[in-house]
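Since the structure comes first, as structure tokens, the remarks are kept for the end.
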Protein chains: 2
Amino acid sequence: MKVCKFGGTSLASAPQINKAVEIIRADSKRQAVVLSAPGKRDSQDIKITDLLINCHREKAAGKNYRDTFKTIRARFLELVELLHVEVSIEEELDSILEKIEQGATLDFAESRGEYLNGLIVSRLLDAEFVDAAEVIRLTADGRVDPESYCLIEQRLAGVSGKFVVPGFYGTGPDGNIKSFSRGGSDITGAIVTRGVKAEVYENWTDVSGILQADPRIVPAARTIAEITYAEIRELASCGANVFHEEAIAPVRDVGIPINIKNTNRPDDAGTLILPQRSLEAQPVVGVSGKKPYRMLMAEKFMLKRYPELPGQIKDILAQQGLFVEYDLKGFDTLAMLVDNSESFDEQAVCNKITAATGVDNCHFGIDVALVGIIGAGLPSQTGLLGRMLSALDQAGIQVRSLSYGASQMTALLAVNLDDYVATLKTLVASLQV
Amino acid sequence: MKVCKFGGTSLASAPQINKAVEIIRADSKRQAVVLSAPGKRDSQDIKITDLLINCHREKAAGKNYRDTFKTIRARFLELVELLHVEVSIEEELDSILEKIEQGATLDFAESRGEYLNGLIVSRLLDAEFVDAAEVIRLTADGRVDPESYCLIEQRLAGVSGKFVVPGFYGTGPDGNIKSFSRGGSDITGAIVTRGVKAEVYENWTDVSGILQADPRIVPAARTIAEITYAEIRELASCGANVFHEEAIAPVRDVGIPINIKNTNRPDDAGTLILPQRSLEAQPVVGVSGKKPYRMLMAEKFMLKRYPELPGQIKDILAQQGLFVEYDLKGFDTLAMLVDNSESFDEQAVCNKITAATGVDNCHFGIDVALVGIIGAGLPSQTGLLGRMLSALDQAGIQVRSLSYGASQMTALLAVNLDDYVATLKTLVASLQV
């Protein structure tokens, strides 16, 4: 069995929903379907979920919320009409409105887009509708309760055809509807995948997989064919906006692959997220970065004799609201990348550090970006890292710091903030060779 | 004025002393001379200083020490005879023997080689003999008392010709002879240099300067033409047996260059140790390494949330007598190079760490060596580091970790212990291009 989860843009309009339905029908193994709420149809549009949140807020604030609900109603009515599907959508909408009027929770209100979409698509597919409230359990802080796996397995034991589960919500410990605090429907897809022990978790979206770098910065970035769970986690730690960690954890634990696919280009292979991968074709999967940081350099003769010193410096920085993203130690020196999203009085901070810790000297350098090169093939191909450094040098980019080995799949560089875009472009270009 | 200090091998025999004298006479600026005791004439020989120490030990243990003293006496008598110098050496030797008989301190006994050598060479040069006991002050723990600079300045204010100061000793806080605990005559040379405000501190030895790497490991290593104080310190921190830190500090503080020269090849330029140097000709000065270490790899999901964790692991290792030379942090992982000169039960240590700190997992990898690439030119030429990594890759050497940037002049690599020699050779070869 395959689980296919469709995101909001894949379900934003009747033509998009038809594409999804066609994809589901094209493979008899695509038995389990998980759905988001209808997303934006264009950049000016508002997602159904956001409309539902607005509606709930307006009600809570004692404002007029019926106009917003009318917009929601109109959109669903249009969908049902265009899709020629027979669903008692008016009754469902009336019931939701009534519950909002009676003071339903935000979690209930914001999850109704998935619920209604699930009803519509299950009817279109002639599939069984399985309410997430029945089979998904959440903890009080909005995370997966592992009991869900078991509930899904039991509930779907007798189901032989296709079935549809709305994403994003389940039931909390109090028995009421509860939505995921982060990661949304992607988590539902992962839970269902694990519950039914699917062979693959297909995650259908509007891009043909995960790219080597943010395409807004590096238009030449290509799709990553295969990436491991561990690599994707490192990529995300380096700032990449990739698949959410909590949506990976349920399937990673049992080693089921995730396939990121494009609803608009279903024949594209997309990206496979795997426990292990073949490293030869692509030793490095991608690059990502975070910024801005300011590099704090401190010197203390015989640093090793003062093991408490880095912690003391971090404490002083934290008292000033400054946080250290990354630090490097030398024999007599240390460098710390300090979060610099808001400006601060550098000299005053240095004076505090010098006075409190007795460092020999301490100063802030210019703003830098932290860039990660991620690939489980790095250990076996040191020459690749060498070529990347040479390429940066040829592009006139100075590497301020470099660290590799704590994780054998990640090399972290600091470069001048001004070189951020050029660094990502140069690194990606060196991957294409 | 130039200060020239000659080491033990440069003064081991009459022909060697004559070479030194010739060098001193060749430049009228070489006004200040600092001397070690006569060293080994060949690999089977015993240094005068070691003979003096043996003699003192034998006396202290109630053993026969007169035979040892006879050897010392014979050697000095021979020197005086071969050099045709008129010194009342017999009287001086009788007086030293008498003091040893009366229970003189070890510091007194072991410093007499320099004292006698100073007498002999000052007579040869027709130079003034300035006893180090007069002008050099040491702290109780055998380090330089800065008062020495002033004493030298005052004592030598009226001296217009050459003068000779024996190395290795001075006067302690109790008024008795005290020798340096480390670094010996090189420190005396540095103190005199600073005291007389010389233009250069010439340090004459048996090699034509500092080499790019240990020549026993890398025969192709060349002499370093120029190196900064800071670079030499990094090189020493990485394991190189170079000029002692305490012999650099006095002149570094006032920016006087040190010139390491070869008594046997006086025309060789040797190595200049400077406050700053031109980086273009040689961005990297040399490589050095330390071994063996075992690489401890630990994993903890969201490591940054546990800032105390690295310290906890180090504490547990220290309880087992294991010390961390170097550590690297990643997002969820950390690597520590643990001193592995004695074997230990790895599994037991890992179990202790896991139980006490809650790391997700923890294991020791194979033995590694830590290799440093040192050069103040590294920041401006990232391509050089890239080429070095590529060269290692081509030589089949896997880089286990890499760190650059805490000190902007040092890149630290960990390589498999078996690759240690090949790594140093490959890196030096890549410098020669």
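Ordering of the structure tokens sets the chain letters (A, B, ...), residue numbers begin anew at 1 in every chain, and ligands are numbered from 1 in the order given.
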* Asked: Residues of chain A within 9 Å of chain B, using only C-alpha atoms, as a PyMOL selection string?
  -> chain A and resi 234+237-238+297-299+304+307-308+311+325-336+379-394+397-408+410-412+414
* Looking at only C-alpha atoms, which of A:Gly175, A:Gly375, A:Gly239, A:Gly113 is the one that sits closest to A:Glu226? -> A:Gly375
* Within stretch 206-433 of chain B, find each residue whose DSSP state, derived from the backbone, is alpha helix (DSSP H), and express the selection as a ChimeraX atom specification. => /B:229-237,245-252,309-319,346-357,382-394,420-432
* Excluding B:Ile120 and residues on its chain fewer than 3 positions from it, collect all residues at most 12 Å away from it, counting only C-alpha atoms, and give them as an MDAnalysis selection string. => chainID B and resid 11 14 17:18 21 35 37:38 76:89 92 113:117 123:129 164:166
* To do: Would you list, as number ranges by chain, the residues of stretch 132-213 of chain A that end up in strand (DSSP E) under DSSP run on this structure's backbone?
  => A: 163-166, 169-171, 177-179, 200-205
Next, dump the selected residues to file, keeping only all heavy atoms, as a short mmCIF file (atom, residue, chain, number, x, y, z; two decimals), in the first residue's frame.
```
data_model
loop_
_atom_site.label_atom_id
_atom_site.label_comp_id
_atom_site.auth_asym_id
_atom_site.auth_seq_id
_atom_site.Cartn_x
_atom_site.Cartn_y
_atom_site.Cartn_z
N PHE A 163 -9.30 4.83 0.97
CA PHE A 163 -9.91 5.61 2.06
C PHE A 163 -9.21 6.96 2.19
O PHE A 163 -8.06 7.11 1.78
CB PHE A 163 -9.90 4.85 3.37
CG PHE A 163 -8.52 4.42 3.82
CD1 PHE A 163 -7.78 5.24 4.68
CD2 PHE A 163 -7.98 3.21 3.38
CE1 PHE A 163 -6.52 4.84 5.08
CE2 PHE A 163 -6.72 2.83 3.78
CZ PHE A 163 -5.98 3.63 4.63
N VAL A 164 -9.93 7.91 2.75
CA VAL A 164 -9.43 9.28 2.84
C VAL A 164 -9.42 9.72 4.30
O VAL A 164 -10.43 9.56 5.00
CB VAL A 164 -10.33 10.24 2.02
CG1 VAL A 164 -9.94 11.69 2.24
CG2 VAL A 164 -10.29 9.88 0.54
N VAL A 165 -8.28 10.26 4.75
CA VAL A 165 -8.17 10.79 6.11
C VAL A 165 -7.82 12.28 6.01
O VAL A 165 -6.83 12.63 5.38
CB VAL A 165 -7.05 10.07 6.92
CG1 VAL A 165 -7.02 10.56 8.36
CG2 VAL A 165 -7.23 8.55 6.86
N PRO A 166 -8.63 13.15 6.59
CA PRO A 166 -8.25 14.57 6.59
C PRO A 166 -7.00 14.78 7.45
O PRO A 166 -6.86 14.15 8.50
CB PRO A 166 -9.46 15.29 7.18
CG PRO A 166 -10.31 14.24 7.80
CD PRO A 166 -9.92 12.90 7.24
N TYR A 169 -5.39 17.38 11.97
CA TYR A 169 -6.01 17.34 13.30
C TYR A 169 -6.24 15.90 13.75
O TYR A 169 -6.07 14.93 13.01
CB TYR A 169 -7.33 18.13 13.33
CG TYR A 169 -8.46 17.46 12.58
CD1 TYR A 169 -9.41 16.66 13.25
CD2 TYR A 169 -8.60 17.62 11.21
CE1 TYR A 169 -10.45 16.04 12.56
CE2 TYR A 169 -9.62 17.01 10.52
CZ TYR A 169 -10.54 16.21 11.20
OH TYR A 169 -11.56 15.61 10.53
N GLY A 170 -6.65 15.81 15.00
CA GLY A 170 -7.01 14.54 15.61
C GLY A 170 -7.76 14.85 16.89
O GLY A 170 -8.38 15.90 17.00
N THR A 171 -7.67 13.95 17.85
CA THR A 171 -8.36 14.17 19.12
C THR A 171 -7.31 14.34 20.22
O THR A 171 -6.35 13.58 20.29
CB THR A 171 -9.26 12.97 19.45
OG1 THR A 171 -10.19 12.81 18.37
CG2 THR A 171 -10.01 13.17 20.74
N ILE A 177 -11.44 17.97 19.50
CA ILE A 177 -10.60 18.14 18.31
C ILE A 177 -9.35 18.93 18.68
O ILE A 177 -9.44 19.95 19.37
CB ILE A 177 -11.38 18.90 17.20
CG1 ILE A 177 -12.56 18.06 16.68
CG2 ILE A 177 -10.46 19.32 16.05
CD1 ILE A 177 -12.17 16.83 15.90
N LYS A 178 -8.20 18.47 18.20
CA LYS A 178 -6.94 19.16 18.48
C LYS A 178 -6.12 19.16 17.19
O LYS A 178 -6.05 18.15 16.50
CB LYS A 178 -6.20 18.42 19.60
CG LYS A 178 -4.85 18.96 19.94
CD LYS A 178 -4.73 19.24 21.44
CE LYS A 178 -3.44 20.01 21.72
NZ LYS A 178 -3.66 21.40 22.08
N SER A 179 -5.50 20.32 16.89
CA SER A 179 -4.69 20.37 15.66
C SER A 179 -3.20 20.33 16.02
O SER A 179 -2.81 20.65 17.13
CB SER A 179 -5.03 21.61 14.85
OG SER A 179 -4.86 22.75 15.65
N VAL A 200 5.53 3.17 0.94
CA VAL A 200 6.08 4.50 0.69
C VAL A 200 5.07 5.56 1.12
O VAL A 200 3.86 5.33 1.08
CB VAL A 200 6.48 4.67 -0.80
CG1 VAL A 200 5.26 4.59 -1.72
CG2 VAL A 200 7.23 5.98 -1.04
N TYR A 201 5.60 6.67 1.54
CA TYR A 201 4.77 7.83 1.88
C TYR A 201 4.97 8.86 0.78
O TYR A 201 5.97 9.55 0.73
CB TYR A 201 5.19 8.37 3.26
CG TYR A 201 4.56 9.69 3.67
CD1 TYR A 201 3.39 10.18 3.09
CD2 TYR A 201 5.14 10.45 4.68
CE1 TYR A 201 2.82 11.38 3.50
CE2 TYR A 201 4.59 11.66 5.09
CZ TYR A 201 3.44 12.13 4.48
OH TYR A 201 2.88 13.32 4.88
N GLU A 202 3.97 8.93 -0.15
CA GLU A 202 4.05 9.92 -1.23
C GLU A 202 3.50 11.25 -0.74
O GLU A 202 2.34 11.33 -0.31
CB GLU A 202 3.24 9.46 -2.44
CG GLU A 202 3.87 8.28 -3.18
CD GLU A 202 3.07 7.90 -4.42
OE1 GLU A 202 1.89 8.34 -4.56
OE2 GLU A 202 3.61 7.14 -5.25
N ASN A 203 4.32 12.26 -0.81
CA ASN A 203 3.91 13.58 -0.36
C ASN A 203 3.82 14.48 -1.58
O ASN A 203 4.82 14.92 -2.13
CB ASN A 203 4.93 14.11 0.66
CG ASN A 203 4.43 15.36 1.35
OD1 ASN A 203 4.43 16.44 0.77
ND2 ASN A 203 3.98 15.20 2.59
N TRP A 204 2.57 14.73 -2.02
CA TRP A 204 2.33 15.47 -3.27
C TRP A 204 2.20 16.95 -2.98
O TRP A 204 1.38 17.38 -2.18
CB TRP A 204 1.08 14.94 -3.97
CG TRP A 204 1.24 13.54 -4.47
CD1 TRP A 204 1.08 12.39 -3.75
CD2 TRP A 204 1.65 13.15 -5.78
NE1 TRP A 204 1.34 11.29 -4.53
CE2 TRP A 204 1.70 11.73 -5.80
CE3 TRP A 204 1.96 13.84 -6.96
CZ2 TRP A 204 2.05 11.00 -6.93
CZ3 TRP A 204 2.31 13.12 -8.08
CH2 TRP A 204 2.36 11.71 -8.06
N THR A 205 3.02 17.72 -3.70
CA THR A 205 3.07 19.16 -3.43
C THR A 205 3.15 19.90 -4.77
O THR A 205 2.75 19.36 -5.79
CB THR A 205 4.25 19.45 -2.47
OG1 THR A 205 4.41 20.83 -2.34
CG2 THR A 205 5.55 18.84 -2.96
#
```
* Just give me the gap between atom CA of A:Arg182 and atom CA of A:Thr139 in Å, one decimal is fine. => 12.8 Å
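Distances here use only C-alpha atoms; by that measure, the residue among A:Gly195, A:Asp267, A:Asp253, A:Ser343 closest to A:Ser208 is A:Asp267.
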* Test item: residues at most 6 Å from A:Ser148, only C-alpha atoms, excluding those fewer than 5 positions along its chain, as a PyMOL selection string -> chain A and resi 135-137
Could you write out the selected residues, including N, CA, C and O atoms, as a PDB file, in the first residue's frame?
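New file out-v8.pdb:
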```pdb
ATOM      1  N   VAL A 135      -8.987   8.352  14.553  1.00  0.00           N
ATOM      2  CA  VAL A 135      -7.766   7.532  14.504  1.00  0.00           C
ATOM      3  C   VAL A 135      -6.472   8.250  14.892  1.00  0.00           C
ATOM      4  O   VAL A 135      -5.445   7.608  15.110  1.00  0.00           O
ATOM      5  N   ILE A 136      -6.521   9.589  14.955  1.00  0.00           N
ATOM      6  CA  ILE A 136      -5.288  10.333  15.293  1.00  0.00           C
ATOM      7  C   ILE A 136      -5.424  10.885  16.711  1.00  0.00           C
ATOM      8  O   ILE A 136      -6.406  11.570  17.019  1.00  0.00           O
ATOM      9  N   ARG A 137      -4.451  10.573  17.553  1.00  0.00           N
ATOM     10  CA  ARG A 137      -4.433  11.085  18.928  1.00  0.00           C
ATOM     11  C   ARG A 137      -3.267  12.047  19.088  1.00  0.00           C
ATOM     12  O   ARG A 137      -2.154  11.751  18.648  1.00  0.00           O
TER      13      ARG A 137
END
```
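Atom CA of A:Val428 is positioned 26.1 Å from atom CA of A:Thr263.
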